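Below is the file structure08.cif, which contains mmCIF, C-alpha atoms.
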data_model
#
loop_
_atom_site.label_atom_id
_atom_site.label_comp_id
_atom_site.auth_asym_id
_atom_site.auth_seq_id
_atom_site.Cartn_x
_atom_site.Cartn_y
_atom_site.Cartn_z
CA MET A 1 159.04 118.32 67.18
CA LYS A 2 157.44 114.91 66.59
CA GLN A 3 158.24 112.21 69.16
CA LYS A 4 158.49 108.55 68.17
CA GLY A 5 155.15 106.79 68.36
CA LEU A 6 153.20 110.03 68.63
CA PRO A 7 151.39 111.90 65.85
CA PRO A 8 152.57 115.48 65.21
CA ILE A 9 150.83 118.45 66.79
CA ILE A 10 148.75 120.27 64.18
CA SER A 11 148.91 124.02 64.77
CA PRO A 12 145.81 126.28 64.88
CA ASP A 13 146.88 127.71 61.51
CA ASP A 14 146.87 124.21 59.97
CA SER A 15 143.96 122.56 61.78
CA TRP A 16 141.62 123.48 58.92
CA LYS A 17 143.63 121.09 56.76
CA TRP A 18 142.75 118.17 59.03
CA LYS A 19 139.07 119.15 58.87
CA TYR A 20 139.39 119.43 55.09
CA LEU A 21 140.83 115.90 54.89
CA ILE A 22 138.01 114.44 56.99
CA SER A 23 135.25 116.41 55.27
CA ARG A 24 136.39 115.39 51.77
CA MET A 25 136.33 111.73 52.81
CA GLU A 26 132.94 112.09 54.48
CA GLU A 27 131.50 113.61 51.28
CA VAL A 28 132.28 110.39 49.41
CA LEU A 29 131.10 108.18 52.27
CA GLY A 30 127.79 110.06 52.26
CA LEU A 31 127.40 109.48 48.52
CA PHE A 32 127.79 105.73 49.14
CA ASN A 33 125.26 105.90 52.03
CA TYR A 34 127.73 105.08 54.84
CA LYS A 35 126.81 106.33 58.33
CA GLU A 36 129.26 107.35 61.04
CA ILE A 37 129.52 105.47 64.32
CA ARG A 38 131.39 106.79 67.38
CA LEU A 39 133.48 104.14 69.12
CA PRO A 40 134.89 104.38 72.66
CA VAL A 41 138.65 104.74 73.04
CA LEU A 42 138.67 102.61 76.20
CA GLN A 43 138.08 98.97 75.29
CA ASP A 44 137.32 95.73 77.09
CA SER A 45 140.63 94.08 76.29
CA ILE A 46 139.41 90.55 77.10
CA LEU A 47 136.58 90.89 74.55
CA LEU A 48 138.92 92.58 72.11
CA THR A 49 141.63 89.94 72.43
CA LYS A 50 139.14 87.13 71.84
CA GLY A 51 138.07 88.83 68.63
CA ILE A 52 141.51 89.66 67.28
CA THR A 53 142.95 86.22 68.05
CA ALA A 54 139.84 84.20 67.13
CA LEU A 55 141.39 82.78 63.96
CA LEU A 56 145.03 82.69 65.05
CA GLU A 57 147.44 79.97 66.05
CA PRO A 58 148.51 80.08 69.77
CA GLU A 59 152.00 81.38 68.86
CA GLU A 60 150.53 84.28 66.92
CA GLU A 61 148.06 85.08 69.72
CA LYS A 62 150.93 85.90 72.10
CA HIS A 63 152.54 88.13 69.47
CA ILE A 64 149.31 90.09 68.82
CA ASN A 65 148.46 90.42 72.52
CA GLY A 66 151.84 92.04 73.07
CA GLN A 67 150.83 94.89 70.73
CA LEU A 68 147.86 95.99 72.87
CA LEU A 69 148.25 98.99 75.18
CA SER A 70 146.81 97.76 78.47
CA LEU A 71 145.84 100.24 81.21
CA ALA A 72 146.41 97.62 83.90
CA GLN A 73 148.18 98.81 87.05
CA THR A 74 148.42 95.44 88.78
CA GLU A 75 148.23 91.77 87.81
CA GLU A 76 144.67 91.64 89.19
CA THR A 77 143.46 94.23 86.65
CA ALA A 78 145.64 92.94 83.81
CA ALA A 79 144.02 92.55 80.40
CA LYS A 80 140.71 94.20 81.44
CA ILE A 81 140.99 97.62 79.84
CA CYS A 82 143.15 98.78 76.96
CA LEU A 83 143.27 101.61 74.46
CA ARG A 84 141.53 101.01 71.13
CA PRO A 85 143.91 99.28 68.63
CA GLU A 86 141.32 99.02 65.80
CA GLY A 87 137.57 99.29 65.24
CA THR A 88 136.42 96.11 63.51
CA ILE A 89 135.84 93.97 66.62
CA ASN A 90 133.67 96.69 68.22
CA ILE A 91 131.68 97.07 65.00
CA ILE A 92 130.96 93.32 64.79
CA HIS A 93 129.65 93.18 68.37
CA TYR A 94 127.51 96.27 67.76
CA VAL A 95 126.01 94.92 64.53
CA ALA A 96 125.50 91.39 65.86
CA ALA A 97 123.35 92.70 68.73
CA GLY A 98 120.62 93.88 66.33
CA HIS A 99 121.36 92.10 63.07
CA SER A 100 118.62 90.46 61.05
CA GLN A 101 118.91 88.37 57.88
CA ASN A 102 119.31 90.26 54.60
CA ARG A 103 120.14 93.52 56.40
CA ILE A 104 123.17 95.44 55.13
CA HIS A 105 125.13 97.69 57.48
CA ARG A 106 127.32 100.46 55.98
CA ILE A 107 129.40 102.07 58.71
CA PHE A 108 132.46 104.30 59.04
CA TYR A 109 134.47 105.74 61.94
CA HIS A 110 137.64 107.72 62.46
CA GLY A 111 139.84 108.68 65.36
CA PRO A 112 142.96 107.72 67.31
CA MET A 113 144.13 104.11 67.60
CA PHE A 114 146.85 102.78 69.92
CA ARG A 115 149.31 99.89 69.67
CA ARG A 116 152.86 99.01 70.52
CA ASP A 117 155.27 99.41 67.62
CA SER A 118 158.02 97.01 66.57
CA GLY A 119 160.26 98.49 69.27
CA ASN A 120 157.60 97.82 71.95
CA ARG A 121 156.98 101.56 72.32
CA PRO A 122 153.42 102.89 72.80
CA ALA A 123 152.24 104.43 69.53
CA GLU A 124 149.22 106.60 68.67
CA PHE A 125 147.94 106.95 65.12
CA TYR A 126 144.77 108.19 63.41
CA GLN A 127 142.70 105.98 61.18
CA LEU A 128 139.53 105.98 59.09
CA GLY A 129 137.68 102.66 59.11
CA VAL A 130 134.95 101.60 56.68
CA GLU A 131 132.87 98.43 57.10
CA LEU A 132 130.11 96.76 55.07
CA LEU A 133 128.46 93.91 56.97
CA GLY A 134 125.70 91.50 55.95
CA SER A 135 126.70 90.53 52.41
CA ASP A 136 129.09 87.94 51.00
CA SER A 137 128.51 88.92 47.37
CA ILE A 138 131.23 89.95 44.95
CA LEU A 139 129.30 93.20 44.57
CA SER A 140 129.86 94.14 48.22
CA GLU A 141 133.64 93.90 48.13
CA ASN A 142 133.83 95.72 44.82
CA GLU A 143 131.60 98.45 46.26
CA VAL A 144 133.99 98.85 49.20
CA ILE A 145 137.13 98.79 47.03
CA SER A 146 135.60 101.33 44.63
CA LEU A 147 134.66 103.53 47.59
CA GLY A 148 138.28 103.57 48.71
CA MET A 149 139.50 104.46 45.24
CA LYS A 150 136.88 107.22 45.00
CA ILE A 151 138.17 108.69 48.26
CA CYS A 152 141.70 108.74 46.81
CA ASP A 153 140.38 110.53 43.74
CA GLN A 154 138.44 113.02 45.89
CA LEU A 155 141.64 113.89 47.75
CA GLY A 156 143.49 114.53 44.49
CA LEU A 157 145.52 111.31 44.65
CA LYS A 158 144.92 110.46 40.99
CA ASP A 159 147.91 108.09 40.81
CA ALA A 160 146.64 105.73 43.55
CA TRP A 161 146.45 102.08 42.57
CA LEU A 162 145.27 98.81 44.04
CA GLU A 163 147.32 95.89 45.25
CA ILE A 164 145.00 92.88 45.43
CA GLY A 165 145.30 89.23 46.41
CA SER A 166 143.37 86.37 47.94
CA PHE A 167 143.80 84.71 51.34
CA GLY A 168 141.57 81.81 50.27
CA CYS A 169 138.76 80.29 52.31
CA ASN A 170 138.49 77.72 55.10
CA ALA A 171 138.52 74.96 52.50
CA CYS A 172 141.76 75.87 50.72
CA ARG A 173 143.79 78.08 53.07
CA PRO A 174 144.80 75.28 55.50
CA LYS A 175 146.47 73.43 52.62
CA TYR A 176 148.69 76.42 51.87
CA ILE A 177 149.53 77.00 55.54
CA LYS A 178 150.51 73.34 55.94
CA ALA A 179 152.66 73.43 52.78
CA MET A 180 154.36 76.67 53.84
CA ARG A 181 155.23 75.42 57.33
CA GLN A 182 156.59 72.20 55.85
CA TYR A 183 158.75 74.25 53.46
CA LEU A 184 160.01 76.42 56.32
CA ARG A 185 161.09 73.35 58.28
CA GLU A 186 162.89 71.92 55.24
CA GLN A 187 164.65 75.22 54.49
CA GLN A 188 165.27 76.40 58.06
CA ALA A 189 169.05 76.47 57.51
CA ASN A 190 168.59 78.94 54.62
CA ILE A 191 166.10 81.23 56.37
CA CYS A 192 166.96 83.83 59.02
CA GLU A 193 165.55 83.22 62.50
CA SER A 194 163.32 86.32 62.39
CA CYS A 195 161.57 85.26 59.16
CA TYR A 196 161.33 81.66 60.29
CA GLN A 197 159.56 82.59 63.54
CA ALA A 198 157.28 85.23 61.95
CA LEU A 199 156.19 83.05 59.01
CA ASN A 200 155.65 80.05 61.23
CA ARG A 201 153.25 82.14 63.29
CA ASN A 202 151.45 83.51 60.25
CA PRO A 203 152.38 82.08 56.83
CA LEU A 204 149.99 84.55 55.18
CA GLN A 205 152.24 87.53 55.83
CA SER A 206 155.22 88.40 53.64
CA SER A 207 158.75 89.06 54.76
CA GLU A 208 160.52 92.42 54.66
CA CYS A 209 163.88 90.75 55.26
CA LEU A 210 167.03 92.29 53.74
CA ASP A 211 168.99 89.03 53.71
CA GLN A 212 169.25 88.16 50.00
CA SER A 213 169.73 84.44 50.64
CA CYS A 214 166.63 84.39 52.83
CA ILE A 215 164.62 86.36 50.25
CA LEU A 216 165.61 83.96 47.46
CA THR A 217 164.64 80.91 49.54
CA LEU A 218 161.24 82.34 50.44
CA ARG A 219 160.52 83.31 46.83
CA GLN A 220 160.96 79.69 45.83
CA GLY A 221 158.48 78.49 48.45
CA PRO A 222 154.77 77.68 48.10
CA ARG A 223 152.44 80.42 46.82
CA ILE A 224 148.88 80.73 48.02
CA GLN A 225 147.41 81.06 44.53
CA GLU A 226 148.63 77.50 43.86
CA HIS A 227 146.33 76.26 46.64
CA LEU A 228 143.16 78.29 46.01
CA CYS A 229 140.02 76.21 45.49
CA SER A 230 137.95 76.64 42.32
CA LYS A 231 135.46 78.95 44.07
CA CYS A 232 138.16 81.28 45.40
CA LYS A 233 139.89 81.35 42.01
CA ALA A 234 136.62 82.24 40.27
CA ASN A 235 135.79 84.94 42.82
CA PHE A 236 139.24 86.51 42.57
CA LEU A 237 139.08 86.50 38.77
CA ARG A 238 135.70 88.24 38.94
CA VAL A 239 137.05 90.92 41.30
CA LYS A 240 139.91 91.65 38.91
CA GLN A 241 137.51 91.87 35.95
CA ILE A 242 135.19 94.27 37.75
CA GLN A 243 138.01 96.54 38.92
CA ALA A 244 139.46 96.60 35.40
CA ASN A 245 136.04 97.52 33.95
CA LEU A 246 135.71 100.31 36.52
CA GLY A 247 139.04 101.72 35.37
CA ASN A 248 140.85 101.14 38.67
CA ASN A 249 144.53 100.39 38.17
CA TYR A 250 145.60 97.26 40.07
CA LYS A 251 148.46 94.81 40.53
CA VAL A 252 148.15 91.28 41.89
CA ASN A 253 150.14 90.49 45.04
CA HIS A 254 149.43 87.17 46.75
CA ASN A 255 151.73 88.07 49.67
CA LEU A 256 150.01 91.10 51.15
CA ILE A 257 150.88 91.96 54.75
CA LYS A 258 147.97 92.28 57.18
CA ASN A 259 148.23 93.13 60.89
CA TYR A 260 145.47 90.71 61.75
CA ALA A 261 144.81 87.21 60.37
CA TYR A 262 141.01 87.32 60.37
CA TYR A 263 140.82 88.11 56.64
CA ASN A 264 139.69 85.62 53.98
CA GLU A 265 139.48 85.65 50.17
CA THR A 266 139.89 89.15 48.69
CA VAL A 267 142.47 91.36 50.40
CA PHE A 268 143.77 94.66 49.09
CA ASN A 269 145.93 97.73 49.69
CA PHE A 270 145.64 101.30 48.44
CA VAL A 271 149.09 102.29 47.19
CA LEU A 272 150.79 105.50 46.03
CA PRO A 273 154.09 105.85 44.19
CA ALA A 274 156.83 107.71 46.04
CA THR A 275 160.43 108.53 45.23
CA GLY A 276 162.20 105.20 44.88
CA ARG A 277 159.47 103.29 46.70
CA THR A 278 155.73 102.91 47.23
CA GLU A 279 153.53 104.00 50.14
CA ILE A 280 150.63 101.93 51.45
CA ILE A 281 148.03 104.46 52.60
CA GLY A 282 145.38 101.91 53.56
CA GLY A 283 143.91 98.52 52.86
CA GLY A 284 141.53 95.81 53.97
CA GLY A 285 139.64 92.76 52.83
CA ARG A 286 136.86 90.29 53.55
CA TYR A 287 136.40 88.83 57.06
CA ASP A 288 133.41 86.52 56.65
CA TYR A 289 134.30 84.06 59.44
CA LEU A 290 135.12 86.48 62.25
CA SER A 291 131.61 87.32 63.43
CA ASN A 292 130.66 83.67 63.87
CA GLN A 293 133.81 83.05 65.90
CA ILE A 294 133.17 85.87 68.39
CA THR A 295 129.36 86.34 68.41
CA LYS A 296 128.07 82.97 67.10
CA LYS A 297 126.21 84.90 64.37
CA GLN A 298 127.23 84.41 60.75
CA ILE A 299 127.62 87.95 59.38
CA PRO A 300 129.82 88.16 56.27
CA ALA A 301 131.72 91.43 56.00
CA VAL A 302 134.35 93.45 54.16
CA GLY A 303 136.12 96.65 55.13
CA PHE A 304 139.20 98.82 54.88
CA TYR A 305 141.18 101.50 56.70
CA PHE A 306 143.06 104.63 55.69
CA ASN A 307 146.13 105.89 57.57
CA LEU A 308 145.05 109.50 58.22
CA ASP A 309 148.44 110.66 59.55
CA LEU A 310 150.13 109.47 56.36
CA LEU A 311 147.40 110.94 54.14
CA TYR A 312 147.76 114.31 55.88
CA GLU A 313 151.52 114.22 55.34
CA ILE A 314 151.13 113.27 51.65
CA LEU A 315 148.56 115.99 50.95
CA GLN A 316 150.92 118.49 52.59
CA ARG A 317 153.85 117.23 50.55
CA ARG A 318 151.89 117.38 47.29
CA HIS A 319 150.33 120.78 48.05
CA LEU A 320 146.82 119.33 47.75
CA PHE A 321 145.29 121.33 50.57
CA HIS A 322 143.40 124.06 48.76
CA ASP A 323 143.40 127.36 50.62
CA GLN A 324 140.10 127.83 52.34
CA ALA A 325 138.23 131.11 52.04
CA GLN A 326 139.07 133.35 54.99
CA PRO A 327 136.02 134.10 57.17
CA PHE A 328 134.96 137.73 57.44
CA LYS A 329 136.26 139.10 60.74
CA VAL A 330 136.07 142.45 62.51
CA TYR A 331 138.79 143.69 64.83
CA VAL A 332 137.36 145.65 67.78
CA CYS A 333 139.58 147.73 70.03
CA SER A 334 139.21 150.36 72.72
CA GLN A 335 141.53 153.28 73.29
CA SER A 336 139.82 154.52 76.45
CA LYS A 337 139.37 152.65 79.71
CA GLU A 338 135.73 153.64 80.16
CA THR A 339 134.64 152.16 76.83
CA GLU A 340 134.98 148.45 77.69
CA ILE A 341 131.22 147.97 78.24
CA ILE A 342 130.37 149.52 74.88
CA LEU A 343 133.08 147.36 73.26
CA LEU A 344 131.53 144.18 74.62
CA GLN A 345 128.03 145.32 73.63
CA THR A 346 129.28 146.02 70.10
CA VAL A 347 130.89 142.60 69.89
CA GLN A 348 127.68 140.97 71.14
CA GLU A 349 125.68 142.70 68.38
CA LEU A 350 128.20 141.48 65.77
CA TYR A 351 127.88 137.91 67.09
CA GLN A 352 124.10 138.11 66.77
CA LYS A 353 124.58 138.98 63.09
CA GLY A 354 126.90 135.96 62.64
CA ILE A 355 130.01 138.12 62.28
CA SER A 356 133.28 136.84 63.78
CA THR A 357 135.34 139.24 65.84
CA VAL A 358 138.82 139.57 67.27
CA ILE A 359 138.86 141.60 70.49
CA SER A 360 141.99 143.56 71.32
CA SER A 361 143.21 142.77 74.83
CA ASP A 362 145.36 145.91 75.11
CA GLN A 363 144.92 149.62 74.56
CA ALA A 364 147.44 150.59 71.92
CA ASP A 365 147.72 153.32 69.32
CA THR A 366 145.70 153.01 66.10
CA GLU A 367 148.72 152.07 63.98
CA THR A 368 149.66 149.16 66.28
CA GLU A 369 146.05 147.97 66.47
CA THR A 370 145.74 148.12 62.66
CA SER A 371 148.85 145.97 62.30
CA LEU A 372 147.38 143.41 64.73
CA ALA A 373 144.05 143.44 62.88
CA LEU A 374 145.76 142.62 59.57
CA LYS A 375 147.87 139.93 61.23
CA ASN A 376 144.66 138.29 62.48
CA GLY A 377 143.15 138.30 58.97
CA CYS A 378 140.46 140.88 59.72
CA GLN A 379 138.80 142.87 56.92
CA ALA A 380 137.29 145.61 59.08
CA MET A 381 138.25 147.38 62.29
CA VAL A 382 136.25 149.32 64.90
CA VAL A 383 138.06 151.79 67.19
CA LEU A 384 136.29 153.09 70.30
CA LYS A 385 137.41 156.38 71.86
CA SER A 386 135.69 158.36 74.61
CA GLU A 387 135.75 161.64 72.68
CA ASN A 388 134.07 160.02 69.65
CA LEU A 389 131.49 158.14 71.70
CA ARG A 390 130.37 161.39 73.34
CA GLU A 391 129.29 162.38 69.83
CA GLY A 392 127.71 158.95 69.31
CA LYS A 393 130.35 157.91 66.77
CA VAL A 394 133.10 155.29 66.32
CA LEU A 395 135.99 154.97 63.88
CA LEU A 396 135.37 152.28 61.25
CA LYS A 397 138.26 151.15 59.05
CA ASN A 398 137.83 149.19 55.83
CA LEU A 399 141.13 147.28 55.89
CA MET A 400 140.63 145.87 52.40
CA LYS A 401 140.55 149.34 50.84
CA ASP A 402 142.66 151.10 53.49
CA LYS A 403 139.88 153.64 54.07
CA GLN A 404 138.38 154.92 57.29
CA SER A 405 135.48 157.09 58.43
CA TYR A 406 133.60 158.05 61.57
CA VAL A 407 130.12 156.55 61.64
CA LEU A 408 127.20 156.81 64.04
CA LEU A 409 126.85 153.90 66.46
CA SER A 410 123.37 153.33 65.08
CA GLU A 411 124.86 152.94 61.57
CA LEU A 412 127.80 150.73 62.54
CA LEU A 413 126.20 147.34 61.82
CA PRO A 414 124.79 148.34 58.40
CA GLU A 415 128.18 149.78 57.39
CA ILE A 416 130.00 146.61 58.49
CA SER A 417 127.45 144.52 56.57
CA LEU A 418 128.31 146.47 53.40
CA ILE A 419 132.02 145.76 53.91
CA ARG A 420 131.22 142.08 54.45
CA LYS A 421 129.23 141.89 51.20
CA THR A 422 132.18 143.38 49.31
CA ALA A 423 134.54 140.86 50.97
CA LEU A 424 132.32 137.91 50.07
CA ARG A 425 132.05 139.04 46.44
CA ALA A 426 135.84 139.30 46.29
CA THR A 427 136.19 135.62 47.31
#

As structure tokens - that is how I would like this structure written.
Amino acid sequence: MKQKGLPPIISPDDSWKWKYLISRMEEVLGLFNYKEIRLPVLQDSILLTKGITALLEPEEEKHINGQLLSLAQTEETAAKICLRPEGTINIIHYVAAGHSQNRIHRIFYHGPMFRRDSGNRPAEFYQLGVELLGSDSILSENEVISLGMKICDQLGLKDAWLEIGSFGCNACRPKYIKAMRQYLREQQANICESCYQALNRNPLQSSECLDQSCILTLRQGPRIQEHLCSKCKANFLRVKQIQANLGNNYKVNHNLIKNYAYYNETVFNFVLPATGRTEIIGGGGRYDYLSNQITKKQIPAVGFYFNLDLLYEILQRRHLFHDQAQPFKVYVCSQSKETEIILLQTVQELYQKGISTVISSDQADTETETSLALKNGCQAMVVLKSENLREGKVLLKNLMKDKQSYVLLSELLPEISLIRKTALRAT
């Protein structure tokens, strides 16, 4: 049973599906020349907080800080160590330490992230992060967006589409924020308290309010595209043209929701249709100003994330996990107490030949052992008995053909190799 805020346990029978998901994504990342980085789960929360809140208003800083999962036990150790809520801040500090002009860094990472949810409960979730640092060109963001769409295609999600917008730049965004806050003050009586507080903190987010009067009022308010400067308008137009030419289906949404406010200009989501709704499986955008704020080095960047828990669930739901070929396995059992040493020696020889084995932990009759061998997905079975070993023989069963024969110990490995060749041809 899945508990709130915790990812589900993936059983041993299904764990190959998780590896399949990761490996399919890594195939595409390798094609685009992205290299994996391993990030620590324990984070310096003071450094992290400075990065996440670098471009926020004071009111929003308090809200974001409340989402971090601190490991503090007392007030003296408060805000020193927390669990990793995202990877971008760590990546920027890593890159800035050895960055040189004109160098491009293509990096990806995946693993568990931790935050508090809307109910203030600790939550764990798995995420893939992709970052391109060192370029502010239109080409770089289109490369990253196309990479994300290619991953969707690789996973069989052919109906994925893009939701794209622009958060503007330092020259034009302040004008929109000022206009939006002015509008909120003028319309405060027609806006619910929750939306008023949230949008005052971050006017770049959109509301998920269910109050129809509130929704109508907000829809009539300022829109960021009305305040974009000529450069941002031209860049956004170019992004749309490139994505259209690449054949990526997109819709424009100038009110995209982002957890963090360090994005600028192009922002995007990867979206899938679902019954009566849509599902956002990932997203990202440019964050050209963030590095300078936290490292004093100007390193333009763009990146995105994928929600791995949601992707796993969707691939399950859509039956997109293709059955993997079963490995060749040999079931080895003993029906005499004095044969344990020979059993372990036989297993060792099979290991040396790269053959997987399942060792029986009990001494049962042949019929019971055969049933267990089939249940464990074995294609061959070796039965050791004292009376046979005195003649230098063992019982070998070909479980695929339901045939058995007594073979010399010296011939056991060659005979098993023949069965394995037949099994591999069959797959």

Neighbouring residues of stretch 308-315 of chain A were defined as those with any atom within 6 Å, considering all atoms listed in the file; residues of the same chain fewer than 5 positions away were excluded. Please report them as a PDB file with C-alpha atoms, in the frame of the given file.
ATOM      1  CA  TYR A 126     144.770 108.190  63.410  1.00  0.00           C
ATOM      2  CA  GLN A 127     142.700 105.980  61.180  1.00  0.00           C
ATOM      3  CA  LEU A 320     146.820 119.330  47.750  1.00  0.00           C
TER       4      LEU A 320
END

- Item | Selection dump of the PyMOL selection byres ((chain A and resi 192) around 12), as a PyMOL selection string | chain A and resi 184+187-191+193-199+207-218

- Item | Expansion of the PyMOL selection byres ((chain A and resi 402-412) around 10) into residues, as a ChimeraX atom specification | /A:346,350,379-383,388-389,391-401,413-417

- Item | From A:Ala160, A:Ile89, A:Ala234, A:Ala301, residue lying nearest A:Asp136 [only C-alpha atoms] |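 Checking each of A:Ala160, A:Ile89, A:Ala234, A:Ala301 against A:Asp136, counting only C-alpha atoms, the winner is A:Ala301.
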
- Message: I need the residue nearest A:Asp117 from this list: A:Ala364, A:Leu69, A:Ser23, A:Phe306. Use all atoms listed in the file for the distance.
- Response: A:Leu69

- Message: Applying the PyMOL selection byres ((chain A and resi 303) around 9) to the file I just gave you, which residues come out? Please list them as JSON, numbers by chain.
- Response: {"A": [88, 129, 130, 131, 132, 133, 141, 144, 145, 283, 284, 285, 286, 287, 301, 302, 304, 305]}

- What is the distance, in Å and to one decimal place, between atom CA of A:Cys333 and atom CA of A:Gln363?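 Pair atom CA of A:Cys333 / atom CA of A:Gln363 returns 7.3 Å.
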
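Compared by their closest atoms to A:Lys329, and using all atoms listed in the file, the residues A:His110, A:Arg420, A:His254, A:Lys296 rank with A:Arg420 nearest.
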
- Residue neighbourhood A:Ile280, 7 Å, all atoms listed in the file, exclusion window fewer than 5 positions, as a list in words: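 My reading of the contact set: Asn269, Phe270, Val271 and Leu272 of chain A.
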
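You can rank A:Gln225, A:Tyr34, A:Thr295, A:Ser140 by their closest distance to A:Leu47 using only C-alpha atoms, and at the top of that list sits A:Thr295.
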
- Message: Counting all atoms listed in the file, which residue out of A:Gln316, A:Tyr263, A:Gly51, A:Leu128 sits closest to A:Ile10?
- Response: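 Checking each candidate against A:Ile10, we get A:Gln316 as the closest.
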
Taking all heavy atoms as the atom set, what does stretch 177-183 of chain A look like once completed, written as a CSV table (one decimal), keeping the file's coordinate frame?
chain,number,residue,atom,x,y,z
A,177,ILE,N,148.8,76.8,54.3
A,177,ILE,CA,149.5,77.0,55.5
A,177,ILE,C,150.4,75.8,55.9
A,177,ILE,O,151.5,75.9,56.3
A,177,ILE,CB,148.5,77.3,56.7
A,177,ILE,CG1,147.9,78.7,56.4
A,177,ILE,CG2,149.2,77.3,58.0
A,177,ILE,CD1,146.8,79.1,57.4
A,178,LYS,N,149.8,74.6,55.7
A,178,LYS,CA,150.5,73.3,55.9
A,178,LYS,C,151.7,73.2,55.0
A,178,LYS,O,152.8,72.9,55.5
A,178,LYS,CB,149.6,72.1,55.7
A,178,LYS,CG,150.2,70.8,56.0
A,178,LYS,CD,149.2,69.7,55.8
A,178,LYS,CE,149.9,68.3,56.1
A,178,LYS,NZ,148.9,67.2,55.9
A,179,ALA,N,151.5,73.5,53.7
A,179,ALA,CA,152.7,73.4,52.8
A,179,ALA,C,153.8,74.4,53.1
A,179,ALA,O,155.0,74.1,53.0
A,179,ALA,CB,152.1,73.7,51.4
A,180,MET,N,153.4,75.6,53.5
A,180,MET,CA,154.4,76.7,53.8
A,180,MET,C,155.2,76.3,55.1
A,180,MET,O,156.4,76.5,55.1
A,180,MET,CB,153.7,78.0,54.0
A,180,MET,CG,154.6,79.2,54.2
A,180,MET,SD,155.7,79.4,52.8
A,180,MET,CE,156.6,80.9,53.3
A,181,ARG,N,154.5,75.8,56.1
A,181,ARG,CA,155.2,75.4,57.3
A,181,ARG,C,156.2,74.2,57.1
A,181,ARG,O,157.3,74.2,57.6
A,181,ARG,CB,154.2,75.1,58.4
A,181,ARG,CG,153.6,76.4,59.0
A,181,ARG,CD,152.6,76.1,60.1
A,181,ARG,NE,152.2,77.4,60.7
A,181,ARG,CZ,151.0,77.6,61.3
A,181,ARG,NH1,150.1,76.6,61.4
A,181,ARG,NH2,150.7,78.7,61.8
A,182,GLN,N,155.7,73.3,56.2
A,182,GLN,CA,156.6,72.2,55.8
A,182,GLN,C,157.8,72.7,55.1
A,182,GLN,O,159.0,72.3,55.4
A,182,GLN,CB,155.8,71.2,55.0
A,182,GLN,CG,156.6,70.0,54.5
A,182,GLN,CD,157.1,69.1,55.6
A,182,GLN,OE1,156.5,69.0,56.6
A,182,GLN,NE2,158.3,68.5,55.4
A,183,TYR,N,157.6,73.7,54.2
A,183,TYR,CA,158.8,74.2,53.5
A,183,TYR,C,159.7,75.0,54.4
A,183,TYR,O,160.9,74.9,54.2
A,183,TYR,CB,158.2,75.2,52.4
A,183,TYR,CG,159.3,75.9,51.6
A,183,TYR,CD1,159.9,75.1,50.5
A,183,TYR,CD2,159.7,77.2,51.8
A,183,TYR,CE1,160.9,75.7,49.7
A,183,TYR,CE2,160.7,77.8,51.0
A,183,TYR,CZ,161.3,77.0,50.0
A,183,TYR,OH,162.2,77.6,49.2
